[in-house]
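Novice: One file is attached below, protein_1.cif, containing mmCIF, C-alpha atoms.
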data_run
#
loop_
_atom_site.group_PDB
_atom_site.id
_atom_site.type_symbol
_atom_site.label_atom_id
_atom_site.label_comp_id
_atom_site.auth_asym_id
_atom_site.auth_seq_id
_atom_site.Cartn_x
_atom_site.Cartn_y
_atom_site.Cartn_z
ATOM 1 C CA GLN A 1 30.724 8.244 -13.718
ATOM 2 C CA VAL A 2 28.577 9.736 -10.985
ATOM 3 C CA GLN A 3 30.038 10.564 -7.605
ATOM 4 C CA LEU A 4 28.117 11.428 -4.471
ATOM 5 C CA VAL A 5 29.732 13.200 -1.546
ATOM 6 C CA GLU A 6 27.942 13.652 1.766
ATOM 7 C CA SER A 7 28.707 16.261 4.368
ATOM 8 C CA GLY A 8 27.188 17.791 7.470
ATOM 9 C CA GLY A 9 27.381 14.977 9.985
ATOM 10 C CA GLY A 10 28.627 15.515 13.501
ATOM 11 C CA LEU A 11 28.021 15.168 17.206
ATOM 12 C CA VAL A 12 24.945 16.870 18.625
ATOM 13 C CA GLN A 13 22.751 16.647 21.672
ATOM 14 C CA ALA A 14 19.288 15.177 21.584
ATOM 15 C CA GLY A 15 16.774 17.715 20.317
ATOM 16 C CA ALA A 16 19.273 19.475 18.083
ATOM 17 C CA THR A 17 19.183 20.017 14.331
ATOM 18 C CA LEU A 18 21.611 18.879 11.670
ATOM 19 C CA ARG A 19 21.539 19.406 7.938
ATOM 20 C CA LEU A 20 23.159 16.830 5.713
ATOM 21 C CA SER A 21 24.139 17.617 2.174
ATOM 22 C CA CYS A 22 24.866 15.348 -0.759
ATOM 23 C CA ALA A 23 26.617 16.828 -3.751
ATOM 24 C CA ALA A 24 26.528 14.905 -6.991
ATOM 25 C CA SER A 25 29.020 15.254 -9.796
ATOM 26 C CA GLY A 26 29.502 13.661 -13.151
ATOM 27 C CA ARG A 27 28.724 14.683 -16.673
ATOM 28 C CA SER A 28 26.019 12.075 -16.972
ATOM 29 C CA PHE A 29 24.200 12.913 -13.742
ATOM 30 C CA SER A 30 20.486 12.857 -14.386
ATOM 31 C CA PRO A 31 18.809 11.023 -11.540
ATOM 32 C CA TYR A 32 15.337 9.595 -11.424
ATOM 33 C CA ALA A 33 15.378 9.653 -7.631
ATOM 34 C CA MET A 34 17.701 10.176 -4.715
ATOM 35 C CA GLY A 35 17.513 8.877 -1.226
ATOM 36 C CA TRP A 36 19.050 8.940 2.209
ATOM 37 C CA PHE A 37 19.740 5.737 4.071
ATOM 38 C CA ARG A 38 21.360 5.115 7.424
ATOM 39 C CA GLN A 39 23.123 2.300 9.148
ATOM 40 C CA SER A 40 24.086 1.903 12.768
ATOM 41 C CA PRO A 41 26.398 -0.785 14.183
ATOM 42 C CA GLY A 42 24.896 -4.245 14.113
ATOM 43 C CA LYS A 43 21.886 -3.159 12.090
ATOM 44 C CA GLU A 44 20.956 -3.330 8.445
ATOM 45 C CA ARG A 45 20.975 -0.260 6.281
ATOM 46 C CA GLU A 46 17.563 1.369 6.417
ATOM 47 C CA PHE A 47 15.727 3.866 4.275
ATOM 48 C CA VAL A 48 15.265 7.342 5.719
ATOM 49 C CA ALA A 49 13.931 9.624 2.992
ATOM 50 C CA GLY A 50 13.667 9.840 -0.771
ATOM 51 C CA VAL A 51 12.773 12.335 -3.460
ATOM 52 C CA ARG A 52 11.902 12.102 -7.146
ATOM 53 C CA TRP A 53 14.313 14.395 -8.947
ATOM 54 C CA ARG A 54 11.934 15.816 -11.522
ATOM 55 C CA THR A 55 8.671 16.018 -9.584
ATOM 56 C CA GLY A 56 9.946 16.519 -6.044
ATOM 57 C CA ILE A 57 7.642 13.843 -4.672
ATOM 58 C CA ARG A 58 9.011 12.784 -1.295
ATOM 59 C CA ASP A 59 8.628 9.944 1.129
ATOM 60 C CA TYR A 60 9.961 9.153 4.582
ATOM 61 C CA THR A 61 10.260 6.255 6.898
ATOM 62 C CA ASP A 62 7.704 6.516 9.683
ATOM 63 C CA SER A 63 10.198 7.170 12.459
ATOM 64 C CA VAL A 64 11.373 10.453 10.921
ATOM 65 C CA LYS A 65 8.113 11.843 9.566
ATOM 66 C CA GLY A 66 7.503 15.305 10.934
ATOM 67 C CA ARG A 67 11.139 15.691 12.004
ATOM 68 C CA PHE A 68 13.202 15.229 8.839
ATOM 69 C CA THR A 69 12.835 17.023 5.522
ATOM 70 C CA ILE A 70 14.437 16.008 2.259
ATOM 71 C CA SER A 71 14.859 18.566 -0.475
ATOM 72 C CA ARG A 72 16.763 18.899 -3.704
ATOM 73 C CA ASP A 73 18.405 21.674 -5.631
ATOM 74 C CA ASN A 74 18.310 20.607 -9.250
ATOM 75 C CA ALA A 75 20.568 23.416 -10.417
ATOM 76 C CA LYS A 76 23.288 22.483 -7.929
ATOM 77 C CA ASN A 77 22.805 18.710 -8.171
ATOM 78 C CA THR A 78 22.422 18.599 -4.421
ATOM 79 C CA VAL A 79 20.046 16.852 -2.081
ATOM 80 C CA LEU A 80 19.647 17.938 1.524
ATOM 81 C CA LEU A 81 18.342 16.236 4.608
ATOM 82 C CA GLU A 82 17.315 18.542 7.429
ATOM 83 C CA MET A 83 17.021 16.623 10.644
ATOM 84 C CA ASN A 84 15.204 18.274 13.516
ATOM 85 C CA SER A 85 14.507 17.056 17.039
ATOM 86 C CA LEU A 86 17.241 14.480 16.778
ATOM 87 C CA ARG A 87 17.057 11.469 19.027
ATOM 88 C CA PRO A 88 19.787 9.082 20.177
ATOM 89 C CA GLU A 89 18.226 6.413 17.978
ATOM 90 C CA ASP A 90 18.888 8.596 14.915
ATOM 91 C CA ALA A 91 22.620 8.130 15.397
ATOM 92 C CA ALA A 92 24.072 6.287 12.426
ATOM 93 C CA ASP A 93 26.171 6.606 9.315
ATOM 94 C CA TYR A 94 24.024 8.366 6.747
ATOM 95 C CA TYR A 95 24.389 7.543 3.072
ATOM 96 C CA CYS A 96 23.186 9.356 0.003
ATOM 97 C CA ALA A 97 22.079 7.275 -2.970
ATOM 98 C CA ALA A 98 20.971 7.956 -6.518
ATOM 99 C CA THR A 99 19.293 5.995 -9.251
ATOM 100 C CA GLN A 100 19.243 7.113 -12.859
ATOM 101 C CA GLN A 101 16.982 4.351 -14.054
ATOM 102 C CA ARG A 102 13.353 5.146 -14.525
ATOM 103 C CA LYS A 103 11.200 3.052 -12.219
ATOM 104 C CA PRO A 104 7.728 1.617 -12.705
ATOM 105 C CA ILE A 105 4.646 3.118 -11.133
ATOM 106 C CA GLY A 106 4.498 2.136 -7.495
ATOM 107 C CA TRP A 107 8.250 1.929 -7.071
ATOM 108 C CA ARG A 108 9.311 2.457 -3.497
ATOM 109 C CA TYR A 109 12.322 4.495 -2.419
ATOM 110 C CA GLU A 110 13.393 2.006 0.231
ATOM 111 C CA ARG A 111 14.558 -0.558 -2.326
ATOM 112 C CA SER A 112 18.209 0.131 -1.696
ATOM 113 C CA ARG A 113 19.428 -2.434 -4.214
ATOM 114 C CA GLU A 114 17.869 -0.386 -6.984
ATOM 115 C CA TYR A 115 20.168 2.587 -6.464
ATOM 116 C CA GLU A 116 23.272 2.497 -8.642
ATOM 117 C CA TYR A 117 25.316 5.174 -6.894
ATOM 118 C CA TRP A 118 26.212 5.619 -3.250
ATOM 119 C CA GLY A 119 28.237 8.091 -1.267
ATOM 120 C CA GLN A 120 30.795 7.202 1.372
ATOM 121 C CA GLY A 121 28.595 8.269 4.250
ATOM 122 C CA THR A 122 28.657 10.868 6.978
ATOM 123 C CA ARG A 123 28.378 10.025 10.655
ATOM 124 C CA VAL A 124 25.707 11.445 12.909
ATOM 125 C CA THR A 125 26.111 11.017 16.653
ATOM 126 C CA VAL A 126 23.370 12.082 19.053
ATOM 127 C CA SER A 127 24.048 12.268 22.771
ATOM 128 C CA SER A 128 21.243 11.941 25.277
#
Please rewrite the model in this file as structure tokens.
Specialist:
Amino acid sequence: QVQLVESGGGLVQAGATLRLSCAASGRSFSPYAMGWFRQSPGKEREFVAGVRWRTGIRDYTDSVKGRFTISRDNAKNTVLLEMNSLRPEDAADYYCAATQQRKPIGWRYERSREYEYWGQGTRVTVSS
């Protein structure tokens, strides 16, 4: 069984930087891709960033491009999300997700239903 544990959330002012971490455990952990999603009250969960585990190919939702960076440490089974120039609209519960199933060419990270494993989330609050 794979477990994902997020950390690094908190309360910051607009313009600040936060780094989220997602640590994966489990003897069978061998992901195809991992992603970060977020959800704020009254809104649907939305894709933020994703990374292919083996190749490192990354993608981001448009609203965070140039501000957020996703990276992975294969040896530590960890994926990071560095969030710079935070805005009040970035405030949300952030979730780490992993899929171990190989996807077809053209698969898109934002297909949240195609991730088998999810963390419990870490809250990011941004004051204006």
Novice: Please determine, counting all atoms listed in the file, which residue among A:Arg102, A:Arg111, A:Arg52, A:Arg87 has the shortest atom-to-atom distance to Thr125 in chain A.
Specialist: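 Of A:Arg102, A:Arg111, A:Arg52, A:Arg87, the one nearest Thr125 in chain A, counting all atoms listed in the file, is A:Arg87.
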Novice: Of the candidates A:Ser40, A:Thr55, A:Gln1, A:Ser21, which one gets nearest to Val126 in chain A if we count all atoms listed in the file?
Specialist: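 Looking at the shortest contact to Val126 in chain A, the residue is A:Ser40.
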Novice: Between CA of Ser7 in chain A and CA of Leu20 in chain A, what distance in Å does the model show, to one decimal?
Specialist: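 One can read the CA of Ser7 in chain A to CA of Leu20 in chain A distance as 5.7 Å.
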Novice: With a distance cut-off of 9 Å and only C-alpha atoms, select the neighbouring residues of Tyr115 in chain A, excluding the residue or stretch itself and same-chain residues fewer than 4 positions from it, and output the selection as a PyMOL selection string.
Specialist: chain A and resi 33-35+97-101+111
Novice: Those residues you just picked out, can you put them in a file as a PDB file, in the coordinates of the input with C-alpha atoms?
Specialist:
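Saved the output as again00.pdb:
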ATOM      1  CA  ALA A  33      15.378   9.653  -7.631  1.00  0.00           C
ATOM      2  CA  MET A  34      17.701  10.176  -4.715  1.00  0.00           C
ATOM      3  CA  GLY A  35      17.513   8.877  -1.226  1.00  0.00           C
ATOM      4  CA  ALA A  97      22.079   7.275  -2.970  1.00  0.00           C
ATOM      5  CA  ALA A  98      20.971   7.956  -6.518  1.00  0.00           C
ATOM      6  CA  THR A  99      19.293   5.995  -9.251  1.00  0.00           C
ATOM      7  CA  GLN A 100      19.243   7.113 -12.859  1.00  0.00           C
ATOM      8  CA  GLN A 101      16.982   4.351 -14.054  1.00  0.00           C
ATOM      9  CA  ARG A 111      14.558  -0.558  -2.326  1.00  0.00           C
TER      10      ARG A 111
END
Novice: I'd like the contact shell of range 60-74 of chain A - 8 Å cut-off, only C-alpha atoms, skipping same-chain residues fewer than 3 positions apart - returned as an NGL selection string.
Specialist: :A and (47-51 or 53 or 56 or 77-86)
Novice: Could the residues in this selection be saved with C-alpha atoms as a tab-separated table (two decimals), in the coordinates of the input?
Specialist:
chain	number	residue	atom	x	y	z
A	47	PHE	CA	15.73	3.87	4.28
A	48	VAL	CA	15.26	7.34	5.72
A	49	ALA	CA	13.93	9.62	2.99
A	50	GLY	CA	13.67	9.84	-0.77
A	51	VAL	CA	12.77	12.34	-3.46
A	53	TRP	CA	14.31	14.40	-8.95
A	56	GLY	CA	9.95	16.52	-6.04
A	77	ASN	CA	22.80	18.71	-8.17
A	78	THR	CA	22.42	18.60	-4.42
A	79	VAL	CA	20.05	16.85	-2.08
A	80	LEU	CA	19.65	17.94	1.52
A	81	LEU	CA	18.34	16.24	4.61
A	82	GLU	CA	17.32	18.54	7.43
A	83	MET	CA	17.02	16.62	10.64
A	84	ASN	CA	15.20	18.27	13.52
A	85	SER	CA	14.51	17.06	17.04
A	86	LEU	CA	17.24	14.48	16.78
Novice: Which residue out of A:Ile57, A:Ala23, A:Ala75, A:Val12 has the minimum interatomic distance to Arg123 in chain A when all atoms listed in the file are used?
Specialist: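 Checking each of A:Ile57, A:Ala23, A:Ala75, A:Val12 against Arg123 in chain A, counting all atoms listed in the file, the winner is A:Val12.
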Novice: Report the centre and edge lengths, in Å to one decimal, of an axis-aligned box enclosing every atom of range 100-104 of chain A listed in the file, padded by 6 Å on each side, as AutoDock Vina command-line options.
Specialist:
--center_x 13.5 --center_y 4.4 --center_z -13.4 --size_x 23.5 --size_y 17.5 --size_z 14.3
Novice: Kindly give the distance, in Å, that separates CA of Arg38 in chain A and CA of Arg19 in chain A, rounded to a single decimal.
Specialist: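 It comes out at 14.3 Å.
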Novice: For each of A:Ala14, A:Glu46, A:Arg54, A:Arg108, take the minimum atom-to-atom distance to Pro31 in chain A, counting only C-alpha atoms, then give the residue where this is smallest.
Specialist: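 Selected residue with least distance to Pro31 in chain A: A:Arg54.
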Novice: Smallest atom-to-atom distance to Ser28 in chain A: which of A:Gln13, A:Trp107, A:Pro88, A:Gln3, using all atoms listed in the file?
Specialist: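 Of the candidates, the smallest distance to Ser28 in chain A is held by A:Gln3.
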Novice: So how far away is CA of Leu4 in chain A from CA of Arg27 in chain A, in Å?
Specialist: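 Taking CA of Arg27 in chain A and CA of Leu4 in chain A, their separation equals 12.6 Å.
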Novice: When you count all atoms listed in the file, which of these residues is closest to Asp59 in chain A: A:Cys22, A:Ser30, A:Trp36, A:Ser128?
Specialist: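 That would be A:Trp36, the residue with the smallest distance to Asp59 in chain A.
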Novice: Give me the result of the PyMOL selection byres ((chain A and resi 119) around 7) on this file, residue by residue, as a PyMOL selection string.
Specialist: chain A and resi 4-6+95-97+117-118+120-121
Novice: Restrict the selected residues to C-alpha atoms and save them as a PDB file, in the coordinates of the input.
Specialist:
ATOM      1  CA  LEU A   4      28.117  11.428  -4.471  1.00  0.00           C
ATOM      2  CA  VAL A   5      29.732  13.200  -1.546  1.00  0.00           C
ATOM      3  CA  GLU A   6      27.942  13.652   1.766  1.00  0.00           C
ATOM      4  CA  TYR A  95      24.389   7.543   3.072  1.00  0.00           C
ATOM      5  CA  CYS A  96      23.186   9.356   0.003  1.00  0.00           C
ATOM      6  CA  ALA A  97      22.079   7.275  -2.970  1.00  0.00           C
ATOM      7  CA  TYR A 117      25.316   5.174  -6.894  1.00  0.00           C
ATOM      8  CA  TRP A 118      26.212   5.619  -3.250  1.00  0.00           C
ATOM      9  CA  GLN A 120      30.795   7.202   1.372  1.00  0.00           C
ATOM     10  CA  GLY A 121      28.595   8.269   4.250  1.00  0.00           C
TER      11      GLY A 121
END
